[in-house]
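Novice: Just so it is clear, I am handing over upload_37.txt, which has compact mmCIF, C-alpha atoms and all ligand atoms.
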# COMPACT_ATOMS: atom_id res chain seq x y z
CA MET A 218 11.94 1.50 -15.77
CA PHE A 219 8.70 1.30 -17.71
CA LEU A 220 6.35 3.03 -15.29
CA THR A 221 7.73 5.76 -13.05
CA LEU A 222 5.90 7.99 -10.60
CA THR A 223 7.93 10.81 -9.07
CA HIS A 224 6.65 12.76 -6.04
CA VAL A 225 3.03 12.39 -7.11
CA THR A 226 0.50 14.23 -4.97
CA LYS A 227 -3.26 14.53 -5.23
CA VAL A 228 -5.37 16.99 -3.28
CA TYR A 229 -9.16 17.03 -3.52
CA GLY A 230 -11.27 20.00 -2.44
CA GLU A 231 -10.32 23.20 -0.64
CA LYS A 232 -10.36 24.61 2.88
CA GLU A 233 -12.43 22.43 5.25
CA SER A 234 -13.06 19.82 2.57
CA ARG A 235 -9.39 19.63 1.55
CA THR A 236 -8.23 15.98 1.37
CA GLU A 237 -4.69 14.92 0.62
CA ALA A 238 -5.28 11.61 -1.12
CA LEU A 239 -1.63 11.11 -2.16
CA ARG A 240 1.37 12.70 -0.45
CA GLY A 241 4.42 12.34 -2.65
CA ILE A 242 4.34 8.86 -4.16
CA ASP A 243 7.53 7.51 -5.74
CA LEU A 244 7.15 4.23 -7.57
CA SER A 245 9.05 2.42 -10.33
CA ILE A 246 7.79 -0.68 -12.06
CA LYS A 247 9.62 -2.70 -14.69
CA LYS A 248 7.94 -3.73 -17.91
CA GLY A 249 6.09 -7.01 -17.49
CA ASP A 250 6.14 -6.88 -13.69
CA LEU A 251 3.16 -7.66 -11.52
CA CYS A 252 2.96 -5.11 -8.72
CA VAL A 253 0.60 -5.40 -5.74
CA LEU A 254 0.00 -2.22 -3.72
CA LEU A 255 -1.52 -2.83 -0.30
CA GLY A 256 -3.24 -0.18 1.77
CA PRO A 257 -6.35 0.31 3.90
CA SER A 258 -9.55 1.75 2.52
CA GLY A 259 -9.21 5.50 1.94
CA SER A 260 -5.41 5.40 1.57
CA GLY A 261 -5.51 6.63 -2.02
CA LYS A 262 -5.25 3.38 -3.98
CA SER A 263 -8.02 4.10 -6.50
CA THR A 264 -6.77 7.65 -6.86
CA LEU A 265 -3.33 6.31 -7.75
CA LEU A 266 -4.70 3.90 -10.34
CA ASN A 267 -6.89 6.61 -11.86
CA ILE A 268 -3.85 8.85 -12.23
CA ILE A 269 -1.79 6.08 -13.86
CA GLY A 270 -4.78 5.35 -16.11
CA GLY A 271 -5.08 8.95 -17.21
CA ILE A 272 -8.62 9.21 -15.80
CA ASP A 273 -7.66 11.72 -13.11
CA ALA A 274 -4.81 14.27 -13.08
CA ALA A 275 -2.20 14.51 -10.32
CA THR A 276 -1.97 17.79 -8.41
CA SER A 277 1.83 17.67 -8.75
CA GLY A 278 4.58 15.23 -9.66
CA GLN A 279 5.51 13.30 -12.76
CA ILE A 280 4.03 10.16 -14.28
CA GLN A 281 5.88 8.45 -17.10
CA ILE A 282 4.74 5.27 -18.83
CA GLY A 283 7.00 4.13 -21.63
CA ASP A 284 7.48 7.25 -23.75
CA HIS A 285 4.38 8.95 -22.41
CA ILE A 286 4.58 11.76 -19.87
CA LEU A 287 1.06 12.25 -18.59
CA GLU A 288 1.08 15.67 -16.98
CA GLY A 289 0.23 18.41 -19.41
CA MET A 290 -1.12 15.95 -21.97
CA LYS A 291 -4.13 17.25 -23.89
CA GLU A 292 -7.49 15.55 -23.31
CA LYS A 293 -7.49 14.17 -26.86
CA ASP A 294 -4.06 12.59 -26.37
CA LEU A 295 -5.10 11.24 -22.97
CA THR A 296 -8.11 9.56 -24.55
CA LYS A 297 -5.85 7.91 -27.11
CA TYR A 298 -3.37 6.93 -24.38
CA ARG A 299 -6.13 5.26 -22.37
CA ARG A 300 -7.55 3.53 -25.42
CA ASP A 301 -4.24 2.23 -26.72
CA HIS A 302 -2.37 1.35 -23.55
CA ILE A 303 -4.61 0.84 -20.52
CA GLY A 304 -6.85 -2.03 -19.44
CA TYR A 305 -8.94 -1.68 -16.27
CA ILE A 306 -10.46 -4.30 -13.99
CA PHE A 307 -12.73 -3.18 -11.15
CA GLN A 308 -14.26 -4.83 -8.12
CA GLN A 309 -17.64 -4.52 -9.83
CA TYR A 310 -17.61 -6.33 -13.14
CA ASN A 311 -19.59 -3.65 -15.04
CA LEU A 312 -20.60 -6.09 -17.77
CA ILE A 313 -23.31 -5.09 -20.24
CA PRO A 314 -26.30 -7.19 -19.09
CA ASN A 315 -27.88 -7.85 -22.49
CA LEU A 316 -24.65 -8.91 -24.22
CA THR A 317 -23.18 -12.41 -24.02
CA VAL A 318 -19.78 -13.18 -22.50
CA ARG A 319 -18.22 -13.20 -25.95
CA GLU A 320 -19.93 -9.95 -26.97
CA ASN A 321 -18.90 -8.24 -23.73
CA MET A 322 -15.31 -9.21 -24.43
CA GLU A 323 -15.63 -7.96 -28.01
CA THR A 324 -16.57 -4.49 -26.75
CA GLY A 325 -13.04 -4.26 -25.29
CA ALA A 326 -11.55 -4.82 -28.74
CA TRP A 327 -13.44 -1.96 -30.43
CA LEU A 328 -11.08 0.64 -31.87
CA SER A 329 -8.07 -1.52 -31.00
CA PRO A 330 -5.56 -1.76 -33.86
CA ASP A 331 -4.19 -5.13 -32.78
CA PRO A 332 -6.55 -7.13 -30.54
CA LEU A 333 -5.76 -10.59 -29.21
CA ASP A 334 -7.42 -13.63 -30.73
CA ILE A 335 -10.76 -13.82 -28.92
CA ASP A 336 -11.12 -17.61 -29.12
CA GLU A 337 -7.70 -18.15 -27.59
CA LEU A 338 -8.43 -15.64 -24.86
CA ILE A 339 -11.81 -17.24 -24.08
CA GLU A 340 -9.99 -20.56 -23.79
CA THR A 341 -7.25 -19.09 -21.57
CA LEU A 342 -9.90 -17.66 -19.24
CA GLY A 343 -11.79 -20.97 -19.09
CA LEU A 344 -14.93 -19.40 -20.55
CA ALA A 345 -15.41 -21.51 -23.69
CA GLU A 346 -18.52 -23.28 -22.41
CA HIS A 347 -19.99 -20.02 -21.08
CA GLN A 348 -19.28 -17.73 -24.02
CA ASP A 349 -22.89 -17.52 -25.23
CA LYS A 350 -24.37 -16.91 -21.77
CA LEU A 351 -25.54 -13.57 -20.41
CA PRO A 352 -23.81 -12.13 -17.31
CA HIS A 353 -26.71 -12.96 -14.97
CA GLN A 354 -26.31 -16.64 -15.89
CA LEU A 355 -22.74 -16.65 -14.51
CA SER A 356 -21.19 -16.83 -11.05
CA GLY A 357 -19.30 -13.82 -9.70
CA GLY A 358 -15.97 -15.46 -10.49
CA GLN A 359 -17.03 -16.18 -14.06
CA GLN A 360 -18.24 -12.60 -14.50
CA GLN A 361 -14.91 -11.30 -13.27
CA ARG A 362 -13.11 -13.62 -15.70
CA CYS A 363 -15.20 -12.09 -18.48
CA SER A 364 -14.30 -8.58 -17.35
CA ILE A 365 -10.61 -9.59 -17.36
CA GLY A 366 -11.12 -10.71 -20.95
CA ARG A 367 -12.75 -7.41 -21.88
CA ALA A 368 -9.84 -5.50 -20.34
CA VAL A 369 -7.03 -7.53 -21.90
CA ILE A 370 -8.42 -8.27 -25.37
CA LYS A 371 -6.86 -5.10 -26.74
CA ASN A 372 -3.53 -6.34 -25.35
CA PRO A 373 -2.85 -3.32 -23.15
CA ASP A 374 0.68 -2.47 -22.00
CA VAL A 375 -0.67 -1.75 -18.54
CA LEU A 376 -3.42 -3.64 -16.73
CA LEU A 377 -4.81 -1.75 -13.73
CA CYS A 378 -6.74 -3.86 -11.19
CA ASP A 379 -8.75 -2.08 -8.51
CA GLU A 380 -9.72 -4.60 -5.80
CA PRO A 381 -10.36 -7.24 -8.47
CA THR A 382 -11.31 -9.88 -5.90
CA GLY A 383 -13.25 -7.56 -3.59
CA ALA A 384 -16.61 -9.12 -4.35
CA LEU A 385 -15.46 -12.75 -4.49
CA ASP A 386 -15.06 -15.60 -2.02
CA TYR A 387 -11.68 -17.17 -1.30
CA ARG A 388 -11.79 -19.85 -3.98
CA ASN A 389 -12.93 -17.51 -6.74
CA SER A 390 -10.44 -14.87 -5.59
CA LYS A 391 -7.60 -17.35 -5.96
CA GLU A 392 -8.82 -18.32 -9.40
CA VAL A 393 -9.08 -14.71 -10.55
CA LEU A 394 -5.62 -13.87 -9.18
CA ALA A 395 -4.14 -16.88 -10.94
CA LEU A 396 -5.73 -15.73 -14.19
CA ILE A 397 -4.40 -12.20 -13.82
CA GLU A 398 -0.97 -13.72 -13.33
CA ARG A 399 -1.47 -15.95 -16.37
CA VAL A 400 -2.39 -12.90 -18.47
CA ASN A 401 0.67 -11.09 -17.12
CA GLN A 402 2.92 -13.97 -18.15
CA LYS A 403 1.30 -14.93 -21.42
CA TYR A 404 0.69 -11.47 -22.88
CA GLY A 405 3.36 -9.50 -21.00
CA SER A 406 1.06 -6.75 -19.68
CA THR A 407 2.53 -4.83 -16.77
CA VAL A 408 0.04 -5.28 -13.92
CA VAL A 409 -0.63 -2.82 -11.11
CA MET A 410 -3.08 -4.26 -8.59
CA VAL A 411 -4.36 -2.39 -5.55
CA THR A 412 -6.13 -3.99 -2.61
CA HIS A 413 -6.82 -3.54 1.08
CA ASN A 414 -6.95 -7.31 1.48
CA GLU A 415 -3.71 -8.55 3.00
CA ALA A 416 -4.86 -12.11 2.37
CA ILE A 417 -4.07 -11.46 -1.27
CA GLN A 418 -0.45 -11.45 -0.28
CA LYS A 419 -0.89 -14.91 1.20
CA MET A 420 -2.84 -16.15 -1.78
CA ALA A 421 -0.25 -14.68 -4.08
CA ASP A 422 2.42 -16.62 -2.25
CA HIS A 423 0.76 -19.82 -3.34
CA ILE A 424 1.43 -18.85 -6.91
CA GLN A 425 5.07 -19.59 -7.55
CA SER A 426 6.18 -16.83 -9.81
CA TYR A 427 4.56 -14.13 -7.66
CA LEU A 428 7.40 -14.87 -5.28
CA HIS A 429 10.01 -13.85 -7.78
CA ARG A 430 8.38 -10.95 -9.49
CA ARG A 431 5.94 -9.46 -7.04
CA HIS A 432 6.55 -6.10 -5.45
CA THR A 433 4.55 -5.20 -2.43
CA ALA A 434 4.46 -1.65 -1.25
CA ARG A 435 2.60 -0.13 1.63
P1 LIG A 501 -8.83 3.85 -1.60
O1 LIG A 501 -8.96 3.44 -3.04
O2 LIG A 501 -7.52 3.46 -0.99
O3 LIG A 501 -9.99 3.42 -0.76
P2 LIG A 501 -9.36 6.53 -2.61
O4 LIG A 501 -8.29 6.79 -3.62
O5 LIG A 501 -10.70 6.13 -3.11
O6 LIG A 501 -8.82 5.47 -1.54
O7 LIG A 501 -9.54 7.84 -1.69
C1 LIG A 501 -8.47 8.48 -1.02
C2 LIG A 501 -9.01 9.71 -0.31
O8 LIG A 501 -9.39 10.70 -1.26
C3 LIG A 501 -10.24 9.44 0.55
O9 LIG A 501 -10.17 10.23 1.72
C4 LIG A 501 -11.39 9.88 -0.33
O10 LIG A 501 -12.48 10.30 0.42
C5 LIG A 501 -10.77 11.03 -1.11
N1 LIG A 501 -11.35 11.17 -2.45
C6 LIG A 501 -11.29 10.25 -3.46
N2 LIG A 501 -11.89 10.70 -4.56
C7 LIG A 501 -12.35 11.95 -4.28
C8 LIG A 501 -13.07 12.95 -5.02
N3 LIG A 501 -13.42 12.76 -6.29
N4 LIG A 501 -13.36 14.10 -4.37
C9 LIG A 501 -12.98 14.31 -3.10
N5 LIG A 501 -12.31 13.42 -2.34
C10 LIG A 501 -12.00 12.24 -2.92
Is it possible to give me this structure as structure tokens?
Ligand code: ADP

Specialist:
Amino acid sequence: MFLTLTHVTKVYGEKESRTEALRGIDLSIKKGDLCVLLGPSGSGKSTLLNIIGGIDAATSGQIQIGDHILEGMKEKDLTKYRRDHIGYIFQQYNLIPNLTVRENMETGAWLSPDPLDIDELIETLGLAEHQDKLPHQLSGGQQQRCSIGRAVIKNPDVLLCDEPTGALDYRNSKEVLALIERVNQKYGSTVVMVTHNEAIQKMADHIQSYLHRRHTAR
């Protein structure tokens, strides 16, 4: 297995404000898989992604990604781990407003030793005719496509998607999901997607290869 979580727990706060966000998560994902984790709001999905992404530390348990064991890793090594291996897509696109689509994508390649070819990626994401536009000149779906490009340009081993279609309508959601799948297939990134939207399961079923390679866990 490429990504393995063993008995992962996360507790926030103490006494009255104590919240158990994760209670012993076990999860194994093969390299190159596309994994969809479904759960209602507040069930700990973002917490789980932040722990896999090395942004937040688990309270207990083990997280292994390839050769990397995250618990006990020094901050400096965690920063390098995040930079070299993790791409992140959020519900909010978080694009830099005064940079063009192309320039926003370029920011994702900074410090990367082996970035993907930006022109090919722009083409793959269907953004060629929009590449010189600013974010406010784009639709929500196009902005999310740009943020996918920014996340994957460094060719991360792991692509973490936190409600990537949360701000989009049905048609744009389908398009964005199809592109995430395309990225998964073309570049081989292991994808972990979390959502509360069960419709994503239905949408995903329209995409052939989701049927073979998708995991869904609740
Ligand atoms: P989801 O992504 O499924 O909506 P979250 O991972 O955001 O769930 O949150 C899980 C639980 O942990 C919630 O009860 C939330 O209030 C709590 N929580 C998340 N982050 C923090 C934090 N930084 N401090 C305290 N509680 C938190």

Novice: Is there a way to get, as a PyMOL selection string, all residues within 10 Å of the point (-5.1, 4.2, -8.0) in file coordinates, counting all atoms listed in the file?

Specialist: chain A and resi 239+254+260-270+272-273+377-379+409-412

Novice: Excluding A:Lys227 and any residue of its chain fewer than 3 positions from it, enumerate the residues within 7 Å of it, using all atoms listed in the file, and give them as a VMD selection string.

Specialist: chain A and resid 237 to 240 275 to 277

Novice: Here is a test: counting only C-alpha atoms, which residue of A:Ala345, A:Leu220, A:Ile313, A:Ile280 is nearest to A:Arg367?

Specialist: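 Smallest distance to A:Arg367 is found for A:Ile313.
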
Novice: Do you know which residues are at most 10 Å from A:Asp331 counting all atoms listed in the file, after dropping those on the same chain fewer than 6 positions away, and could you put them as an NGL selection string?

Specialist: :A and (301 or 370-373)

Novice: Between A:Gly405, A:Gly283, A:Pro257, A:Gly271, which one has atoms that come closest to ligand LIG 501 (chain A), using only C-alpha atoms and all ligand atoms?

Specialist: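 Checking each candidate against ligand LIG 501 (chain A), we get A:Pro257 as the closest.
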
Novice: Could you check which of A:Asp284, A:Asp349, A:Glu231, A:Glu415 is closest to ligand LIG 501 (chain A), using only C-alpha atoms and all ligand atoms?

Specialist: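 Closest residue, counting only C-alpha atoms and all ligand atoms: A:Glu231.
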
Novice: Could you give me, as a PyMOL selection string, the residues that sit within 9 Å of (-1.2, -9.8, -16.7) in the file's coordinates, counting all atoms listed in the file?

Specialist: chain A and resi 249-251+369+375-376+396-409

Novice: Of the candidates A:Leu255, A:Leu333, A:Ala368, A:Leu338, which one gets nearest to ligand LIG 501 (chain A) if we count only C-alpha atoms and all ligand atoms?

Specialist: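 That would be A:Leu255, the residue with the smallest distance to ligand LIG 501 (chain A).
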
Novice: So how far away is atom CA of A:His347 from atom CA of A:Gln360, in Å?

Specialist: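 Straight-line distance from atom CA of A:Gln360 to atom CA of A:His347 works out to 10.1 Å.
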
Novice: To one decimal place, how far is atom CA of A:Leu342 from atom CA of A:Ile303 in Å?

Specialist: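 Atom CA of A:Leu342 sits 19.3 Å away from atom CA of A:Ile303.
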
Novice: Quote the spacing between atom CA of A:Gly278 and atom CA of A:Ile417 in Å to one decimal place.

Specialist: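 Interatomic distance, atom CA of A:Gly278 to atom CA of A:Ile417: 29.3 Å.
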
Novice: Padding 3 Å on each side, edges along x, y and z: where is the centre of the box around the listed atoms of ligand LIG 501 (chain A), and how long are its edges in Å to one decimal? Output it as JSON.

Specialist:
{"center_x": -10.5, "center_y": 8.9, "center_z": -2.3, "size_x": 11.9, "size_y": 16.9, "size_z": 14.0}

Novice: Counting only C-alpha atoms and all ligand atoms, which of A:Gly366, A:Gly289, A:Gly241, A:Gly259 gets nearest to ligand LIG 501 (chain A)?

Specialist: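 Using only C-alpha atoms and all ligand atoms, the shortest distance to ligand LIG 501 (chain A) belongs to A:Gly259.
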
Novice: Taking only C-alpha atoms and all ligand atoms into account, name the residue in A:Thr341, A:Asn414, A:Ser245, A:Gln279 that is nearest to ligand LIG 501 (chain A).

Specialist: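 Looking at the shortest contact to ligand LIG 501 (chain A), the residue is A:Asn414.
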
Novice: Residues at most 9 Å from A:Tyr310, counting all atoms listed in the file, excluding those fewer than 5 positions away in the same chain, as a list in words?

Specialist: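 Listed by chain and then number, they are Gly357, Gln360, Gln361, Arg362, Cys363, Ser364, Ile365 and Pro381 of chain A.
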